[in-house]
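Visitor: File name upload.txt; file contents compact mmCIF, C-alpha atoms; full text below.
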```
# COMPACT_ATOMS: atom_id res chain seq x y z
CA MET A 1 -11.40 -40.52 15.32
CA ARG A 2 -8.91 -43.27 16.10
CA ALA A 3 -5.24 -42.57 15.42
CA PRO A 4 -3.81 -44.73 12.61
CA LEU A 5 -0.70 -46.84 13.08
CA LEU A 6 1.41 -44.47 10.99
CA PHE A 7 0.69 -41.65 13.44
CA HIS A 8 1.88 -43.79 16.36
CA VAL A 9 5.05 -44.63 14.44
CA TYR A 10 5.65 -40.92 13.84
CA VAL A 11 5.16 -40.11 17.54
CA ALA A 12 7.60 -42.84 18.56
CA ALA A 13 10.19 -41.63 16.06
CA THR A 14 9.99 -38.01 17.24
CA THR A 15 10.32 -39.15 20.86
CA LEU A 16 13.59 -40.85 20.01
CA LEU A 17 14.91 -38.05 17.83
CA ILE A 18 13.87 -34.98 19.83
CA PRO A 19 17.12 -34.70 21.87
CA PHE A 20 19.19 -34.58 18.69
CA ALA A 21 16.74 -32.27 16.87
CA ALA A 22 16.62 -29.90 19.86
CA TRP A 23 20.41 -29.69 20.02
CA ALA A 24 20.72 -29.14 16.26
CA GLN A 25 17.97 -26.52 16.08
CA THR A 26 19.12 -24.43 19.04
CA ARG A 27 22.73 -24.57 17.84
CA LYS A 28 21.69 -23.46 14.36
CA MET A 29 19.66 -20.55 15.72
CA ARG A 30 22.48 -19.45 18.00
CA ARG A 31 24.78 -19.34 14.95
CA GLN A 32 22.20 -17.09 13.27
CA GLY A 33 22.36 -14.60 16.12
CA VAL A 34 19.29 -15.72 18.10
CA SER A 35 19.65 -15.41 21.88
CA VAL A 36 19.66 -18.51 24.09
CA LEU A 37 16.34 -17.45 25.61
CA ARG A 38 14.64 -17.15 22.25
CA ALA A 39 16.28 -20.25 20.78
CA HIS A 40 14.70 -22.26 23.59
CA GLU A 41 11.27 -21.27 22.29
CA LYS A 42 11.84 -24.16 19.88
CA LEU A 43 11.64 -26.43 22.92
CA GLY A 44 8.34 -24.91 24.02
CA HIS A 45 9.84 -22.54 26.61
CA ALA A 46 8.07 -19.21 26.17
CA SER A 47 10.19 -16.05 26.37
CA GLN A 48 7.20 -13.79 27.04
CA PRO A 49 4.27 -14.02 29.46
CA ARG A 50 0.72 -14.61 28.33
CA THR A 51 -0.93 -11.28 29.05
CA GLY A 52 -4.47 -9.93 28.81
CA GLY A 53 -7.72 -11.43 29.91
CA GLY A 54 -9.23 -12.11 26.50
CA LYS A 55 -9.01 -15.21 24.35
CA LEU A 56 -5.71 -15.88 22.61
CA VAL A 57 -5.74 -16.62 18.88
CA TRP A 58 -2.64 -18.41 17.63
CA PHE A 59 -1.44 -18.09 14.02
CA HIS A 60 1.29 -20.45 12.83
CA ALA A 61 3.24 -19.87 9.61
CA ALA A 62 6.44 -21.37 8.23
CA SER A 63 8.71 -18.59 7.09
CA VAL A 64 8.84 -14.99 5.86
CA GLY A 65 6.21 -15.00 3.11
CA GLU A 66 3.66 -17.00 5.06
CA SER A 67 4.20 -14.95 8.24
CA LEU A 68 3.85 -11.59 6.51
CA SER A 69 0.79 -12.80 4.59
CA VAL A 70 -1.34 -13.09 7.74
CA LEU A 71 -0.42 -9.80 9.45
CA ALA A 72 -3.21 -7.91 7.68
CA LEU A 73 -5.67 -10.64 8.68
CA ILE A 74 -4.55 -10.46 12.32
CA THR A 75 -4.90 -6.67 12.22
CA ARG A 76 -8.45 -6.91 10.85
CA MET A 77 -9.47 -9.58 13.36
CA GLY A 78 -7.95 -7.48 16.13
CA GLU A 79 -10.15 -4.56 15.13
CA MET A 80 -13.18 -6.82 15.37
CA LEU A 81 -12.04 -8.54 18.60
CA PRO A 82 -10.76 -5.72 20.85
CA ARG A 83 -10.33 -8.01 23.88
CA ALA A 84 -8.48 -10.80 22.08
CA GLN A 85 -4.73 -11.40 22.20
CA PHE A 86 -2.78 -12.76 19.24
CA LEU A 87 0.29 -14.98 18.93
CA ILE A 88 2.16 -15.61 15.69
CA THR A 89 4.77 -18.35 15.43
CA SER A 90 7.24 -19.08 12.66
CA GLY A 91 10.41 -21.09 12.24
CA THR A 92 13.19 -18.84 10.98
CA PRO A 93 15.19 -15.92 12.43
CA THR A 94 14.56 -13.87 9.28
CA SER A 95 10.80 -14.20 9.66
CA ALA A 96 11.09 -13.29 13.35
CA LYS A 97 12.97 -10.09 12.54
CA LEU A 98 10.63 -8.94 9.78
CA VAL A 99 7.49 -9.80 11.74
CA ALA A 100 8.80 -8.02 14.85
CA ASP A 101 8.95 -4.77 12.89
CA ARG A 102 5.31 -5.09 11.79
CA LEU A 103 3.45 -6.73 14.65
CA PRO A 104 -0.22 -5.71 14.89
CA PRO A 105 -1.56 -4.45 18.24
CA ARG A 106 -1.80 -7.04 21.04
CA THR A 107 0.34 -9.51 19.09
CA VAL A 108 3.55 -11.28 20.09
CA HIS A 109 5.90 -13.48 18.10
CA GLN A 110 7.50 -16.74 19.21
CA PHE A 111 9.40 -19.46 17.41
CA ALA A 112 7.24 -22.52 16.83
CA PRO A 113 7.94 -25.55 19.01
CA LEU A 114 9.43 -28.65 17.49
CA ASP A 115 6.82 -31.24 16.60
CA ALA A 116 7.33 -33.52 19.59
CA ARG A 117 5.25 -34.14 22.69
CA GLY A 118 7.43 -32.28 25.19
CA PRO A 119 7.93 -29.00 23.27
CA VAL A 120 4.31 -28.84 22.06
CA SER A 121 2.92 -29.63 25.53
CA ARG A 122 4.97 -26.87 27.16
CA PHE A 123 3.93 -24.43 24.44
CA LEU A 124 0.22 -25.19 24.74
CA GLN A 125 0.22 -25.15 28.54
CA HIS A 126 1.74 -21.68 28.55
CA TRP A 127 -0.22 -19.99 25.77
CA ARG A 128 -3.59 -21.81 26.12
CA PRO A 129 -4.95 -20.73 22.69
CA ALA A 130 -8.71 -20.60 22.27
CA ALA A 131 -8.25 -20.86 18.52
CA ALA A 132 -5.40 -21.80 16.18
CA VAL A 133 -4.98 -20.79 12.55
CA PHE A 134 -2.39 -22.63 10.46
CA VAL A 135 -1.11 -21.11 7.20
CA GLU A 136 -0.56 -22.74 3.79
CA SER A 137 1.09 -26.15 4.32
CA GLU A 138 2.09 -26.15 8.00
CA LEU A 139 0.76 -29.60 8.82
CA TRP A 140 2.77 -30.93 11.76
CA PRO A 141 0.89 -34.04 12.98
CA GLN A 142 1.50 -33.82 16.74
CA MET A 143 1.13 -30.07 16.88
CA LEU A 144 -2.22 -30.31 15.14
CA ARG A 145 -3.66 -33.20 17.13
CA MET A 146 -2.41 -31.94 20.50
CA THR A 147 -3.83 -28.50 19.83
CA ARG A 148 -7.17 -30.03 18.91
CA ASN A 149 -7.14 -32.09 22.11
CA THR A 150 -7.05 -28.87 24.15
CA GLY A 151 -10.48 -27.99 22.78
CA ALA A 152 -9.19 -25.12 20.64
CA SER A 153 -11.06 -24.32 17.43
CA MET A 154 -8.81 -24.66 14.38
CA ALA A 155 -8.57 -23.45 10.80
CA LEU A 156 -6.21 -23.86 7.86
CA VAL A 157 -6.03 -20.72 5.72
CA ASN A 158 -4.36 -19.93 2.41
CA ALA A 159 -4.02 -23.69 1.95
CA ARG A 160 -1.49 -24.54 -0.74
CA LEU A 161 0.36 -27.83 -1.07
CA SER A 162 2.86 -28.84 -3.73
CA ALA A 163 2.13 -31.68 -6.12
CA LYS A 164 4.60 -33.84 -4.19
CA SER A 165 2.86 -33.13 -0.87
CA ARG A 166 -0.55 -33.81 -2.40
CA ALA A 167 0.61 -37.20 -3.65
CA ALA A 168 2.09 -38.08 -0.26
CA TRP A 169 -1.13 -37.26 1.62
CA THR A 170 -3.34 -38.96 -0.98
CA ASN A 171 -1.31 -42.17 -0.59
CA LYS A 172 -1.83 -42.15 3.20
CA PRO A 173 -5.62 -41.85 3.44
CA ALA A 174 -6.00 -42.89 7.10
CA LEU A 175 -3.31 -40.49 8.31
CA ALA A 176 -4.59 -37.68 6.06
CA ALA A 177 -8.16 -38.05 7.31
CA TYR A 178 -6.93 -38.11 10.93
CA ILE A 179 -4.87 -34.93 10.47
CA PHE A 180 -7.31 -32.90 8.37
CA ASP A 181 -10.16 -33.77 10.72
CA VAL A 182 -8.74 -31.31 13.29
CA PHE A 183 -9.84 -28.31 11.21
CA ASP A 184 -13.21 -26.63 11.62
CA LEU A 185 -12.55 -24.71 8.41
CA ILE A 186 -10.10 -25.08 5.51
CA LEU A 187 -9.81 -22.07 3.20
CA THR A 188 -7.81 -22.62 0.02
CA GLN A 189 -6.24 -20.14 -2.38
CA ASN A 190 -8.32 -21.27 -5.35
CA ASP A 191 -10.88 -23.81 -6.57
CA ASP A 192 -8.25 -26.28 -7.78
CA MET A 193 -6.69 -26.44 -4.34
CA ALA A 194 -10.11 -26.84 -2.73
CA GLN A 195 -10.75 -29.93 -4.85
CA ALA A 196 -7.23 -31.18 -4.12
CA MET A 197 -7.87 -30.94 -0.37
CA VAL A 198 -11.00 -33.06 -0.74
CA ASN A 199 -9.03 -35.55 -2.83
CA MET A 200 -6.49 -35.68 0.02
CA HIS A 201 -9.27 -36.83 2.36
CA ALA A 202 -10.02 -33.49 4.01
CA PRO A 203 -13.69 -33.31 5.14
CA ALA A 204 -15.49 -31.89 2.12
CA ASP A 205 -18.07 -29.95 4.13
CA ARG A 206 -15.33 -27.92 5.82
CA VAL A 207 -13.37 -27.01 2.68
CA ALA A 208 -14.04 -23.76 0.84
CA ARG A 209 -12.27 -21.41 -1.50
CA GLY A 210 -10.83 -18.40 0.30
CA ILE A 211 -8.43 -15.80 -1.02
CA ASN A 212 -4.68 -15.69 -1.48
CA LEU A 213 -3.62 -13.80 1.64
CA LYS A 214 -0.29 -12.99 0.03
CA SER A 215 -2.24 -10.88 -2.44
CA MET A 216 -3.38 -8.63 0.40
CA SER A 217 -0.43 -8.42 2.75
CA ALA A 218 -0.08 -5.61 5.26
CA PRO A 219 1.40 -2.32 3.96
CA LEU A 220 5.17 -2.15 3.99
CA PRO A 221 6.44 0.13 6.76
CA THR A 222 7.89 3.55 6.03
CA ASP A 223 10.29 5.60 8.15
CA PRO A 224 9.99 9.42 8.16
CA ALA A 225 13.66 9.64 9.13
CA VAL A 226 14.51 7.91 5.83
CA LEU A 227 11.80 9.42 3.63
CA ALA A 228 12.27 13.09 4.52
CA PRO A 229 15.95 13.40 3.49
CA ALA A 230 15.31 11.24 0.43
CA ARG A 231 12.51 13.57 -0.73
CA THR A 232 14.76 16.56 -0.15
CA ALA A 233 17.56 14.98 -2.17
CA ILE A 234 15.25 14.13 -5.08
CA LYS A 235 13.87 17.70 -5.22
CA GLY A 236 11.01 17.02 -7.59
CA ARG A 237 12.91 14.85 -10.08
CA PRO A 238 10.85 12.22 -11.91
CA VAL A 239 11.47 8.82 -10.29
CA TRP A 240 10.82 5.20 -11.07
CA VAL A 241 11.61 2.17 -8.92
CA ALA A 242 12.91 -1.25 -9.94
CA ALA A 243 12.36 -3.45 -6.89
CA SER A 244 13.38 -6.99 -5.90
CA THR A 245 15.57 -7.45 -8.97
CA HIS A 246 17.62 -10.60 -9.41
CA LYS A 247 20.93 -11.37 -11.08
CA GLY A 248 20.58 -10.82 -14.82
CA GLU A 249 17.70 -8.37 -14.47
CA GLU A 250 19.69 -5.29 -13.43
CA ALA A 251 21.38 -5.11 -16.84
CA ILE A 252 17.98 -5.15 -18.56
CA VAL A 253 16.62 -2.47 -16.20
CA LEU A 254 19.67 -0.25 -16.72
CA GLU A 255 19.30 -0.43 -20.50
CA ALA A 256 15.65 0.57 -20.15
CA HIS A 257 16.75 3.46 -17.95
CA ARG A 258 19.32 4.52 -20.54
CA ALA A 259 16.57 4.71 -23.17
CA LEU A 260 14.33 6.75 -20.84
CA LEU A 261 17.08 9.25 -20.04
CA ARG A 262 17.03 10.44 -23.65
CA ASP A 263 13.64 12.06 -23.08
CA TYR A 264 13.91 12.51 -19.30
CA PRO A 265 17.52 13.52 -18.54
CA GLU A 266 16.75 14.17 -14.85
CA LEU A 267 15.01 10.83 -14.34
CA LEU A 268 16.16 8.90 -11.26
CA LEU A 269 16.08 5.11 -11.05
CA ILE A 270 15.86 3.68 -7.53
CA LEU A 271 17.27 0.19 -7.92
CA VAL A 272 16.45 -2.19 -5.06
CA PRO A 273 18.05 -5.64 -5.45
CA ARG A 274 16.31 -8.63 -3.90
CA HIS A 275 19.59 -9.65 -2.26
CA PRO A 276 21.50 -6.64 -0.89
CA GLU A 277 24.67 -8.71 -0.51
CA ARG A 278 25.05 -8.34 -4.29
CA SER A 279 25.55 -4.60 -3.85
CA ALA A 280 29.20 -4.45 -4.96
CA GLU A 281 28.46 -6.52 -8.06
CA ILE A 282 25.51 -4.29 -9.02
CA ALA A 283 27.42 -1.07 -8.31
CA GLY A 284 30.12 -2.32 -10.69
CA LEU A 285 27.48 -3.02 -13.33
CA ILE A 286 26.04 0.48 -12.91
CA ASN A 287 29.44 2.14 -13.17
CA SER A 288 30.57 0.03 -16.15
CA GLY A 289 27.39 1.10 -17.92
CA GLY A 290 28.43 4.73 -17.64
CA PHE A 291 25.89 5.70 -14.97
CA SER A 292 26.68 7.73 -11.89
CA CYS A 293 25.06 6.44 -8.71
CA ALA A 294 24.58 6.91 -4.99
CA VAL A 295 24.61 3.91 -2.63
CA ARG A 296 22.16 3.74 0.28
CA SER A 297 24.32 1.46 2.47
CA LYS A 298 27.07 4.09 2.41
CA GLY A 299 24.67 6.72 3.72
CA ASP A 300 24.50 8.47 0.35
CA HIS A 301 21.52 10.34 -1.08
CA PRO A 302 21.15 10.91 -4.84
CA LYS A 303 22.71 14.16 -5.97
CA ALA A 304 21.86 16.16 -9.08
CA GLY A 305 23.31 14.35 -12.08
CA GLU A 306 23.32 10.94 -10.44
CA ALA A 307 21.04 8.73 -12.51
CA VAL A 308 20.75 5.72 -10.19
CA TYR A 309 20.19 5.28 -6.46
CA LEU A 310 21.27 1.80 -5.36
CA ALA A 311 19.02 1.04 -2.38
CA ASP A 312 20.97 -1.94 -1.05
CA THR A 313 19.45 -2.33 2.41
CA LEU A 314 16.90 -4.66 4.00
CA GLY A 315 13.57 -3.56 5.44
CA GLU A 316 13.32 -0.20 3.67
CA LEU A 317 11.39 -1.12 0.52
CA GLY A 318 8.27 0.70 1.70
CA ASN A 319 10.20 3.98 1.69
CA TRP A 320 11.22 3.59 -1.94
CA TYR A 321 7.69 2.65 -3.04
CA ALA A 322 6.48 5.86 -1.38
CA LEU A 323 8.73 7.93 -3.64
CA SER A 324 7.22 6.97 -6.99
CA ASP A 325 3.98 6.14 -8.80
CA VAL A 326 5.92 3.89 -11.18
CA VAL A 327 7.27 0.59 -9.86
CA PHE A 328 8.75 -2.30 -11.81
CA LEU A 329 8.67 -5.52 -9.79
CA GLY A 330 11.57 -7.86 -10.45
CA GLY A 331 11.97 -11.60 -10.38
CA SER A 332 9.84 -11.50 -13.51
CA LEU A 333 12.00 -10.69 -16.54
CA LEU A 334 13.70 -14.06 -16.03
CA PRO A 335 11.93 -17.32 -15.06
CA ILE A 336 12.07 -16.71 -11.30
CA GLY A 337 8.36 -16.49 -10.53
CA GLY A 338 7.79 -12.86 -9.57
CA HIS A 339 7.13 -11.16 -6.25
CA ASN A 340 4.15 -9.76 -4.40
CA PRO A 341 2.49 -6.97 -6.44
CA PHE A 342 -0.05 -6.09 -3.75
CA GLU A 343 2.66 -4.46 -1.65
CA VAL A 344 3.27 -2.06 -4.54
CA VAL A 345 -0.41 -1.28 -5.04
CA GLN A 346 -0.89 -0.61 -1.33
CA SER A 347 1.78 2.08 -1.56
CA GLY A 348 -0.36 3.91 -4.11
CA ALA A 349 1.60 2.95 -7.22
CA ALA A 350 0.77 0.98 -10.34
CA VAL A 351 2.75 -2.18 -11.13
CA ILE A 352 4.88 -3.04 -14.14
CA SER A 353 6.20 -6.60 -14.30
CA GLY A 354 7.95 -9.00 -16.58
CA PRO A 355 6.07 -12.05 -17.89
CA HIS A 356 7.40 -14.66 -15.42
CA VAL A 357 4.96 -14.36 -12.50
CA THR A 358 4.02 -17.96 -11.72
CA ASN A 359 4.27 -17.39 -7.94
CA PHE A 360 1.50 -14.78 -8.16
CA ALA A 361 -0.19 -15.72 -11.43
CA GLU A 362 -3.75 -15.30 -10.17
CA THR A 363 -2.98 -11.97 -8.50
CA PHE A 364 -1.34 -10.55 -11.61
CA SER A 365 -4.17 -11.79 -13.82
CA ASP A 366 -6.67 -10.08 -11.53
CA MET A 367 -4.62 -6.88 -11.49
CA GLU A 368 -4.23 -6.83 -15.26
CA LYS A 369 -8.00 -7.09 -15.70
CA SER A 370 -8.44 -4.25 -13.20
CA GLY A 371 -5.94 -2.01 -15.02
CA VAL A 372 -3.56 -1.98 -12.04
CA ALA A 373 -0.71 -4.03 -13.52
CA ARG A 374 0.97 -4.10 -16.90
CA ILE A 375 3.18 -6.90 -18.22
CA ALA A 376 6.33 -5.92 -20.14
CA GLU A 377 7.82 -8.81 -22.08
CA ASP A 378 11.37 -7.43 -22.25
CA GLY A 379 13.61 -4.40 -21.71
CA PRO A 380 12.28 -2.23 -24.54
CA ALA A 381 8.69 -2.96 -23.47
CA LEU A 382 9.64 -2.03 -19.90
CA ALA A 383 11.02 1.32 -21.07
CA GLN A 384 7.85 1.93 -23.07
CA ALA A 385 5.61 1.12 -20.10
CA VAL A 386 7.53 3.47 -17.79
CA GLN A 387 7.51 6.21 -20.42
CA MET A 388 3.74 5.97 -20.81
CA MET A 389 3.31 6.45 -17.06
CA LEU A 390 5.67 9.43 -17.08
CA GLN A 391 4.32 11.28 -20.10
CA ASP A 392 0.59 10.49 -20.21
CA GLY A 393 -1.11 12.13 -17.24
CA ALA A 394 -4.53 10.66 -18.06
CA HIS A 395 -3.08 7.14 -18.33
CA ARG A 396 -1.25 7.56 -15.03
CA ALA A 397 -4.34 8.92 -13.26
CA THR A 398 -6.46 6.01 -14.51
CA ALA A 399 -3.88 3.44 -13.37
CA LEU A 400 -3.52 5.01 -9.92
CA GLN A 401 -7.29 5.21 -9.40
CA ALA A 402 -7.53 1.56 -10.41
CA ALA A 403 -4.90 0.79 -7.77
CA ARG A 404 -6.91 2.59 -5.08
CA ASP A 405 -10.09 0.77 -6.09
CA TYR A 406 -8.28 -2.56 -6.07
CA VAL A 407 -6.94 -2.02 -2.56
CA GLN A 408 -10.42 -1.11 -1.29
CA ASP A 409 -11.94 -4.20 -2.90
CA LYS A 410 -9.33 -6.45 -1.30
CA ALA A 411 -9.88 -4.76 2.07
CA ASP A 412 -13.57 -5.64 1.81
CA GLN A 413 -12.68 -9.26 0.98
CA LEU A 414 -10.29 -9.42 3.91
CA SER A 415 -13.03 -8.22 6.26
CA GLY A 416 -15.23 -11.02 4.97
CA ILE A 417 -12.56 -13.63 5.64
CA ALA A 418 -11.94 -12.22 9.13
CA SER A 419 -15.66 -12.35 9.94
CA ARG A 420 -15.90 -15.91 8.68
CA LEU A 421 -12.95 -17.03 10.79
CA ILE A 422 -14.34 -15.35 13.90
CA ARG A 423 -17.63 -17.16 13.40
CA MET A 424 -16.13 -20.57 12.62
CA LEU A 425 -13.58 -20.33 15.45
CA LYS A 426 -16.34 -19.43 17.92
CA LEU A 427 -14.81 -16.11 18.90
CA GLU A 428 -17.98 -13.99 18.62
CA ASP A 429 -18.18 -13.28 22.35
CA ASP A 430 -14.98 -11.23 22.08
CA ILE A 431 -16.57 -8.90 19.50
CA ARG A 432 -16.98 -5.34 20.70
```
As structure tokens, what does this structure read like?

Guide:
Amino acid sequence: MRAPLLFHVYVAATTLLIPFAAWAQTRKMRRQGVSVLRAHEKLGHASQPRTGGGKLVWFHAASVGESLSVLALITRMGEMLPRAQFLITSGTPTSAKLVADRLPPRTVHQFAPLDARGPVSRFLQHWRPAAAVFVESELWPQMLRMTRNTGASMALVNARLSAKSRAAWTNKPALAAYIFDVFDLILTQNDDMAQAMVNMHAPADRVARGINLKSMSAPLPTDPAVLAPARTAIKGRPVWVAASTHKGEEAIVLEAHRALLRDYPELLLILVPRHPERSAEIAGLINSGGFSCAVRSKGDHPKAGEAVYLADTLGELGNWYALSDVVFLGGSLLPIGGHNPFEVVQSGAAVISGPHVTNFAETFSDMEKSGVARIAEDGPALAQAVQMMLQDGAHRATALQAARDYVQDKADQLSGIASRLIRMLKLEDDIR
């Protein structure tokens, strides 16, 4: 397919701007604590060797959510392709840190090269991917076309574009067709997005509905060195978790906890704010409400009589999920959009959420139908939902079994997606 004029204009512009973009990007990453060696990955200079004799499958995601969403898929493909190597690229230091702690076997992380000829060429010459999988809306024109020109098979998974992006691509039909033509397979999150991709001039015979990979992310890590002393400190107390709470939600959660303490005076609330830097503010709110609390960042563990454990650290959420069957997921009592409920279900707990879950609407709808999730409209409803889990053993057992069944069903779906990608990306000869 012939490149349209707009693509040539874009290439010319990036050629002129790359010196300034390279300087700005590396400077920004250095300020964020990234080493010089790793910051230069943005310029296509690899910081690790390409090892192993098998084919290399490259996954590219934008930031934290997109990167974490494909780790389970990489793990499953790795089980099916024992000789393959995997590379995951992303753009932010935060995503690099979180991914590094959860890398599947035979997988390395690098920062994605800037979308200009020099950085992308150096990147591709070093890594030589046999296949490339792009995630959600990562549609960098030169990166895509140059990767395709190497002969690599390519897929777009979890495709999701905003209304603004859809309009922009629809209004540039020649460029859109030229870019989307690189993909052997485009898997969208739902039927509406599949139709939208076709409307944006993606080849209709290569577009299909997939699954929302964020609804089946890899299990959150746990640390025995954290869990063991926490279990000892709790000593059999009933526990519920309020995770990823935002400003304005902690007050509602604390009032629900106050109501629950009337019937369960030893009940412990593990409160995990979405942004740990708000710790002092939240601790003040807890204390002004008349609650005693322990603070994780100070090295504390909850003592008898302390009603709240403020878990104000990053990267430890999996430990707190492991301590309770009852988890309220924040970002949902206020119009924030909610957070990933599948991470909760994978830990073996049932999910309680507020009504504002637009970011994961389909996942929550599916979980509600399966009996895994319950929506609480406000604070009193939240207290009632937690109380039902605490006092009704049959209700709790049913919810937890539904969670186990849900996880197994999603694992089966993930295997199907992995098999489909292996087939479409022509990787079958690496199957055991």

Visitor: Write out as an MDAnalysis selection string each polymer residue whose atoms come within 6 Å of region 230-240 of chain A, counting only C-alpha atoms; drop sequence neighbours fewer than 5 positions from it.

Guide: chainID A and resid 267:269 324 326:327

Visitor: At a cut-off of 10 Å, using only C-alpha atoms, what residues contact His257 (chain A)? Leave out same-chain residues fewer than 2 positions from it and give the result as a list in words.

Guide: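 Returned residues: Trp240, Ala251, Ile252, Val253, Leu254, Glu255, Ala259, Leu260, Leu261, Arg262, Tyr264, Leu267, Leu268, Leu269, Phe291, Ala307, Val308, Gly379, Pro380, Leu382, Ala383, Val386 and Gln387 of chain A.
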
Visitor: Could you check which of A:Thr222, A:Ser288, A:Asn171, A:Thr358 is closest to Ala322 (chain A), using all atoms listed in the file?

Guide: A:Thr222

Visitor: Using only C-alpha atoms, pick whichever of A:Gly337, A:Pro141, A:Pro265, A:Gly284 has the shortest atom-to-atom distance to Glu306 (chain A).

Guide: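 The closest residue to Glu306 (chain A) is A:Pro265.
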
Visitor: Can you list, as an mmCIF file with C-alpha atoms, keeping the file's coordinate frame, every protein, DNA or RNA residue that comes within 8 Å of His246 (chain A) when you count only C-alpha atoms, leaving out same-chain residues fewer than 5 positions away?

Guide:
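File selection_9.cif, as written:
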```
data_model
loop_
_atom_site.group_PDB
_atom_site.id
_atom_site.type_symbol
_atom_site.label_atom_id
_atom_site.label_comp_id
_atom_site.auth_asym_id
_atom_site.auth_seq_id
_atom_site.Cartn_x
_atom_site.Cartn_y
_atom_site.Cartn_z
ATOM 1 C CA PRO A 273 18.050 -5.640 -5.450
ATOM 2 C CA ARG A 274 16.310 -8.630 -3.900
ATOM 3 C CA HIS A 275 19.590 -9.650 -2.260
ATOM 4 C CA GLY A 330 11.570 -7.860 -10.450
ATOM 5 C CA GLY A 331 11.970 -11.600 -10.380
#
```

Visitor: Around the point (-7.6, -33.6, 11.5) in the file's coordinates, collect all residues with an atom within 12 Å, using only C-alpha atoms, and return them as an mmCIF file with C-alpha atoms, keeping the file's coordinate frame.

Guide:
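The resulting part_22.cif:
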```cif
data_model
loop_
_atom_site.group_PDB
_atom_site.id
_atom_site.type_symbol
_atom_site.label_atom_id
_atom_site.label_comp_id
_atom_site.auth_asym_id
_atom_site.auth_seq_id
_atom_site.Cartn_x
_atom_site.Cartn_y
_atom_site.Cartn_z
ATOM 1 C CA MET A 1 -11.400 -40.520 15.320
ATOM 2 C CA ARG A 2 -8.910 -43.270 16.100
ATOM 3 C CA ALA A 3 -5.240 -42.570 15.420
ATOM 4 C CA PRO A 4 -3.810 -44.730 12.610
ATOM 5 C CA PHE A 7 0.690 -41.650 13.440
ATOM 6 C CA LEU A 139 0.760 -29.600 8.820
ATOM 7 C CA TRP A 140 2.770 -30.930 11.760
ATOM 8 C CA PRO A 141 0.890 -34.040 12.980
ATOM 9 C CA GLN A 142 1.500 -33.820 16.740
ATOM 10 C CA MET A 143 1.130 -30.070 16.880
ATOM 11 C CA LEU A 144 -2.220 -30.310 15.140
ATOM 12 C CA ARG A 145 -3.660 -33.200 17.130
ATOM 13 C CA MET A 146 -2.410 -31.940 20.500
ATOM 14 C CA THR A 147 -3.830 -28.500 19.830
ATOM 15 C CA ARG A 148 -7.170 -30.030 18.910
ATOM 16 C CA ASN A 149 -7.140 -32.090 22.110
ATOM 17 C CA SER A 153 -11.060 -24.320 17.430
ATOM 18 C CA MET A 154 -8.810 -24.660 14.380
ATOM 19 C CA ALA A 155 -8.570 -23.450 10.800
ATOM 20 C CA LEU A 156 -6.210 -23.860 7.860
ATOM 21 C CA PRO A 173 -5.620 -41.850 3.440
ATOM 22 C CA ALA A 174 -6.000 -42.890 7.100
ATOM 23 C CA LEU A 175 -3.310 -40.490 8.310
ATOM 24 C CA ALA A 176 -4.590 -37.680 6.060
ATOM 25 C CA ALA A 177 -8.160 -38.050 7.310
ATOM 26 C CA TYR A 178 -6.930 -38.110 10.930
ATOM 27 C CA ILE A 179 -4.870 -34.930 10.470
ATOM 28 C CA PHE A 180 -7.310 -32.900 8.370
ATOM 29 C CA ASP A 181 -10.160 -33.770 10.720
ATOM 30 C CA VAL A 182 -8.740 -31.310 13.290
ATOM 31 C CA PHE A 183 -9.840 -28.310 11.210
ATOM 32 C CA ASP A 184 -13.210 -26.630 11.620
ATOM 33 C CA LEU A 185 -12.550 -24.710 8.410
ATOM 34 C CA ILE A 186 -10.100 -25.080 5.510
ATOM 35 C CA MET A 200 -6.490 -35.680 0.020
ATOM 36 C CA HIS A 201 -9.270 -36.830 2.360
ATOM 37 C CA ALA A 202 -10.020 -33.490 4.010
ATOM 38 C CA PRO A 203 -13.690 -33.310 5.140
ATOM 39 C CA ARG A 206 -15.330 -27.920 5.820
#
```

Visitor: Could you work out how far CA of Ser95 (chain A) lies from CA of Lys28 (chain A), giving the answer in Å with one decimal?

Guide: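 According to the coordinates, CA of Lys28 (chain A) and CA of Ser95 (chain A) are separated by 15.0 Å.
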
Visitor: Residues near Ala72 (chain A), anyone? I mean within 10 Å using all atoms listed in the file, not counting same-chain ones fewer than 3 positions away, as a CSV table (one decimal) with C-alpha atoms, in the coordinates of the input.

Guide:
```
chain,number,residue,atom,x,y,z
A,68,LEU,CA,3.8,-11.6,6.5
A,69,SER,CA,0.8,-12.8,4.6
A,75,THR,CA,-4.9,-6.7,12.2
A,76,ARG,CA,-8.4,-6.9,10.8
A,77,MET,CA,-9.5,-9.6,13.4
A,78,GLY,CA,-8.0,-7.5,16.1
A,102,ARG,CA,5.3,-5.1,11.8
A,103,LEU,CA,3.4,-6.7,14.6
A,104,PRO,CA,-0.2,-5.7,14.9
A,213,LEU,CA,-3.6,-13.8,1.6
A,214,LYS,CA,-0.3,-13.0,0.0
A,216,MET,CA,-3.4,-8.6,0.4
A,217,SER,CA,-0.4,-8.4,2.8
A,218,ALA,CA,-0.1,-5.6,5.3
A,219,PRO,CA,1.4,-2.3,4.0
A,411,ALA,CA,-9.9,-4.8,2.1
A,414,LEU,CA,-10.3,-9.4,3.9
A,415,SER,CA,-13.0,-8.2,6.3
A,418,ALA,CA,-11.9,-12.2,9.1
```

Visitor: Box for region 159-163 of chain A - axis-aligned, 5 Å on each of the six sides, all listed atoms - centre and size in Å to one decimal, as lines of an AutoDock Vina configuration file.

Guide:
```
center_x = -0.6
center_y = -27.7
center_z = -2.1
size_x = 16.9
size_y = 18.0
size_z = 18.1
```
